[in-house]
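S.K.: The structure is given below, and queries will be raised subsequently.
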Amino acid sequence: MANSALLVMDVQRDVVAIADDGSGYLRRLRAAIDGARAAGIPVIYVVMGLRPGDPEVSPRNKVMTHVVRAGLFTEGAPGTEIHDDIAPQQGDVMVTKRRGSAFSGSDLDLVLRARDIDSLVLTGIATSAVVLSTLWHAIDLDYGLTVLTDACLDTDPEVHQMLTEKLFPQWADVFTVEDWLKAIAPQ
């Protein structure tokens with residue numbers, strides 16, 4: 001884990017309000033964040049942010065058009081802020097993206113390469129959106145990958161289960177937060 005970073009993706013107030021299922025998601029994610037910090041693994045927060053007026057949103061992009069219609073992700077709006085329960089600390093990195101993948105329209109790859117990070121631990125909301133998109137993008141960029149299944153959340157539990165049990169294990173190491181914390185604990 002020496003060259004790893006924990007990505008905390010799209011855990012913004014409005015997104016949590018839509019997706020949180022009451023299962024203790026934020027508590028588990030907080031444990032992963034705290035464990036990463038204790039192990040010296042950098043924590044990088046990735047948020048979706050669209051400029052007022054949405055100049056980066058094409059009407060041909062159905063997903064982004066839907067996001068704009070729902071009033072989500074406008075930079076500076078209170079709902080776009082990272083949820084208070086997992087708020088960044090001094091030294092954490094913040095990255096703003098413009099599309100589904102944490103790499104799309106952001107400087108994430110630059111930040112990672114400047115820090116010599118070659119492996120990513122993925123968490124976030126939604127499993128079928130930012131986590132899946134980032135996983136595919138990271139594969140193409142040759143990053144090593146770990147997915148923390150219970151630090152990812154989706155509004156469709158069946159899709160979450162299919163991705164974390166059937167698809168993600170083909171390309172990433174897949175752990176629960178508890179098992180990952182045991183794996184990174186000092187020996």
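Letters for chains follow the order of the structure tokens (A, B, ...), residue numbers begin at 1 for each chain, and ligand numbers begin at 1 in the order shown.
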Residues of region 107-153 of chain A classed as strand (DSSP E or B) by DSSP on the backbone are to be reported as a ChimeraX atom specification.
M.R.: /A:119-125,144-153
S.K.: Would you output that residue set with C-alpha atoms, as a PDB file, in the first residue's frame?
M.R.:
ATOM      1  CA  SER A 119      -2.630   2.068  -6.858  1.00  0.00           C
ATOM      2  CA  LEU A 120      -6.090   3.319  -5.978  1.00  0.00           C
ATOM      3  CA  VAL A 121      -8.586   2.282  -3.329  1.00  0.00           C
ATOM      4  CA  LEU A 122     -12.053   3.175  -4.606  1.00  0.00           C
ATOM      5  CA  THR A 123     -15.021   4.270  -2.498  1.00  0.00           C
ATOM      6  CA  GLY A 124     -18.035   6.411  -3.272  1.00  0.00           C
ATOM      7  CA  ILE A 125     -21.573   6.968  -4.415  1.00  0.00           C
ATOM      8  CA  GLY A 144      -3.597  -1.048  -9.470  1.00  0.00           C
ATOM      9  CA  LEU A 145      -7.099  -1.180  -8.002  1.00  0.00           C
ATOM     10  CA  THR A 146      -8.878  -2.083  -4.803  1.00  0.00           C
ATOM     11  CA  VAL A 147     -12.608  -1.588  -4.252  1.00  0.00           C
ATOM     12  CA  LEU A 148     -14.078  -1.374  -0.744  1.00  0.00           C
ATOM     13  CA  THR A 149     -17.486  -2.924  -1.319  1.00  0.00           C
ATOM     14  CA  ASP A 150     -19.242  -1.549   1.746  1.00  0.00           C
ATOM     15  CA  ALA A 151     -17.686   1.903   1.290  1.00  0.00           C
ATOM     16  CA  CYS A 152     -19.464   2.070  -2.058  1.00  0.00           C
ATOM     17  CA  LEU A 153     -23.192   2.680  -2.266  1.00  0.00           C
TER      18      LEU A 153
END
S.K.: Just list as a PyMOL selection string whatever in region 28-70 of chain A DSSP marks as alpha helix (DSSP H).
M.R.: chain A and resi 28-38+62-69
S.K.: Near Arg113 (chain A), counting only C-alpha atoms, which residues have an atom at most 12 Å away, once you skip same-chain residues fewer than 5 positions from it, shown as an MDAnalysis selection string?
M.R.: chainID A and resid 3:5 107:108 118:120 141:143
S.K.: Keeping only C-alpha atoms, write those residues as an mmCIF file, in the first residue's frame.
M.R.:
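Listing of result22.cif after writing:
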data_model
loop_
_atom_site.group_PDB
_atom_site.id
_atom_site.type_symbol
_atom_site.label_atom_id
_atom_site.label_comp_id
_atom_site.auth_asym_id
_atom_site.auth_seq_id
_atom_site.Cartn_x
_atom_site.Cartn_y
_atom_site.Cartn_z
ATOM 1 C CA ASN A 3 2.069 3.904 -3.350
ATOM 2 C CA SER A 4 -1.706 3.880 -2.826
ATOM 3 C CA ALA A 5 -4.326 6.554 -2.330
ATOM 4 C CA ASP A 107 -6.389 16.916 -12.700
ATOM 5 C CA LEU A 108 -6.539 13.638 -10.740
ATOM 6 C CA ASP A 118 0.207 3.815 -8.743
ATOM 7 C CA SER A 119 -2.630 2.068 -6.858
ATOM 8 C CA LEU A 120 -6.090 3.319 -5.978
ATOM 9 C CA LEU A 141 -4.189 4.175 -17.125
ATOM 10 C CA ASP A 142 -2.537 1.077 -15.571
ATOM 11 C CA TYR A 143 -3.361 1.820 -11.936
#
S.K.: Tell me which protein, DNA and RNA residues are within 10 Å of Pro88 (chain A), counting only C-alpha atoms, leaving out same-chain ones fewer than 2 positions away, and put them as a CSV table (one decimal) with N, CA, C and O atoms, in the first residue's frame.
M.R.:
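The resulting file, selection-v4.csv, is reproduced below:
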chain,number,residue,atom,x,y,z
A,8,VAL,N,-12.2,9.1,-2.3
A,8,VAL,CA,-13.6,9.2,-1.7
A,8,VAL,C,-14.3,10.1,-2.7
A,8,VAL,O,-14.1,11.3,-2.8
A,33,ILE,N,-11.5,6.0,5.9
A,33,ILE,CA,-10.7,7.2,5.8
A,33,ILE,C,-9.8,7.3,7.0
A,33,ILE,O,-8.6,7.6,6.8
A,43,VAL,N,-5.5,10.5,1.4
A,43,VAL,CA,-7.0,10.5,1.1
A,43,VAL,C,-7.2,11.7,0.1
A,43,VAL,O,-6.9,12.8,0.3
A,44,ILE,N,-7.9,11.3,-1.0
A,44,ILE,CA,-8.2,12.2,-2.0
A,44,ILE,C,-9.7,12.3,-2.2
A,44,ILE,O,-10.3,11.2,-2.5
A,45,TYR,N,-10.3,13.4,-2.0
A,45,TYR,CA,-11.7,13.6,-2.2
A,45,TYR,C,-12.0,14.1,-3.6
A,45,TYR,O,-11.3,15.0,-4.1
A,82,ILE,N,-18.8,18.3,0.4
A,82,ILE,CA,-18.6,16.9,1.0
A,82,ILE,C,-19.4,16.8,2.3
A,82,ILE,O,-19.5,17.8,3.1
A,83,HIS,N,-20.0,15.7,2.4
A,83,HIS,CA,-20.8,15.4,3.6
A,83,HIS,C,-20.0,15.7,4.9
A,83,HIS,O,-18.8,15.2,5.0
A,84,ASP,N,-20.6,16.3,5.9
A,84,ASP,CA,-19.9,16.7,7.1
A,84,ASP,C,-19.3,15.5,7.9
A,84,ASP,O,-18.3,15.6,8.5
A,85,ASP,N,-20.0,14.4,7.8
A,85,ASP,CA,-19.5,13.2,8.5
A,85,ASP,C,-18.2,12.6,8.0
A,85,ASP,O,-17.5,11.8,8.8
A,86,ILE,N,-17.8,13.0,6.8
A,86,ILE,CA,-16.5,12.5,6.3
A,86,ILE,C,-15.6,13.7,5.8
A,86,ILE,O,-14.8,13.5,4.9
A,90,GLN,N,-6.9,18.9,6.9
A,90,GLN,CA,-5.7,19.5,6.3
A,90,GLN,C,-4.8,18.5,5.8
A,90,GLN,O,-4.5,17.5,6.4
A,91,GLY,N,-4.3,18.7,4.6
A,91,GLY,CA,-3.4,17.7,4.0
A,91,GLY,C,-4.1,16.8,3.0
A,91,GLY,O,-3.5,16.2,2.1
A,92,ASP,N,-5.4,16.7,3.1
A,92,ASP,CA,-6.2,15.9,2.1
A,92,ASP,C,-6.3,16.7,0.8
A,92,ASP,O,-6.3,17.9,0.8
A,93,VAL,N,-6.3,16.0,-0.3
A,93,VAL,CA,-6.4,16.6,-1.6
A,93,VAL,C,-7.9,16.6,-2.1
A,93,VAL,O,-8.6,15.7,-1.9
A,94,MET,N,-8.3,17.7,-2.7
A,94,MET,CA,-9.6,17.9,-3.3
A,94,MET,C,-9.5,18.0,-4.8
A,94,MET,O,-8.6,18.7,-5.3
S.K.: Which residues are near Ser128 (chain A)? Cut-off 9 Å, only C-alpha atoms, ignore same chain within fewer than 4 positions. Put them as a PyMOL selection string.
M.R.: chain A and resi 132-133+153-156+159-160+163
S.K.: Between A:Pro78, A:Val111, A:Asp173, A:Ile184, which residue has the minimum interatomic distance to Asp34 (chain A), considering only C-alpha atoms?
M.R.: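 Once distances to Asp34 (chain A) are computed over only C-alpha atoms, the minimum belongs to A:Ile184.
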S.K.: So, with only C-alpha atoms as the atoms that count, which of A:Gly35, A:Gly49, A:Gly71, A:Gly79 lies closest to Leu6 (chain A)?
M.R.: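 Selected residue with least distance to Leu6 (chain A): A:Gly35.
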S.K.: Of the candidates A:Trp136, A:Phe175, A:Trp180, A:Phe73, which shows the shortest atom-to-atom distance to Ser101 (chain A), using only C-alpha atoms?
M.R.: A:Trp136
S.K.: What is the CA of Glu81 (chain A)-CA of Asp140 (chain A) distance in Å, reported with one decimal?
M.R.: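 So the answer is 29.2 Å.
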S.K.: Measuring atom to atom with only C-alpha atoms, identify which of A:Ser58, A:Gln161, A:Thr134, A:Thr80 is nearest to Ala102 (chain A).
M.R.: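 Between A:Ser58, A:Gln161, A:Thr134, A:Thr80, the residue approaching Ala102 (chain A) most closely is A:Thr134.
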S.K.: Restricting the calculation to only C-alpha atoms: of A:Met48, A:Val131, A:Leu29, A:Ala138, which residue gets closest to Glu178 (chain A)?
M.R.: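 With only C-alpha atoms as the atom set, the closest residue is A:Leu29.
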S.K.: I'd like to know which of A:Ala38, A:Thr127, A:Lys97, A:His137 is closest to Met162 (chain A), using only C-alpha atoms.
M.R.: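 So, comparing all the options, the nearest one is A:Thr127.
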S.K.: Please measure the separation of CA of Leu181 (chain A) and CA of Ile139 (chain A), giving the value in Å to one decimal.
M.R.: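 Computing the Euclidean distance for CA of Leu181 (chain A) and CA of Ile139 (chain A) yields 23.4 Å.
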S.K.: Calculate how many Å separate CA of Leu112 (chain A) from CA of Thr96 (chain A), rounding to one decimal.
M.R.: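 One can read the CA of Leu112 (chain A) to CA of Thr96 (chain A) distance as 14.0 Å.
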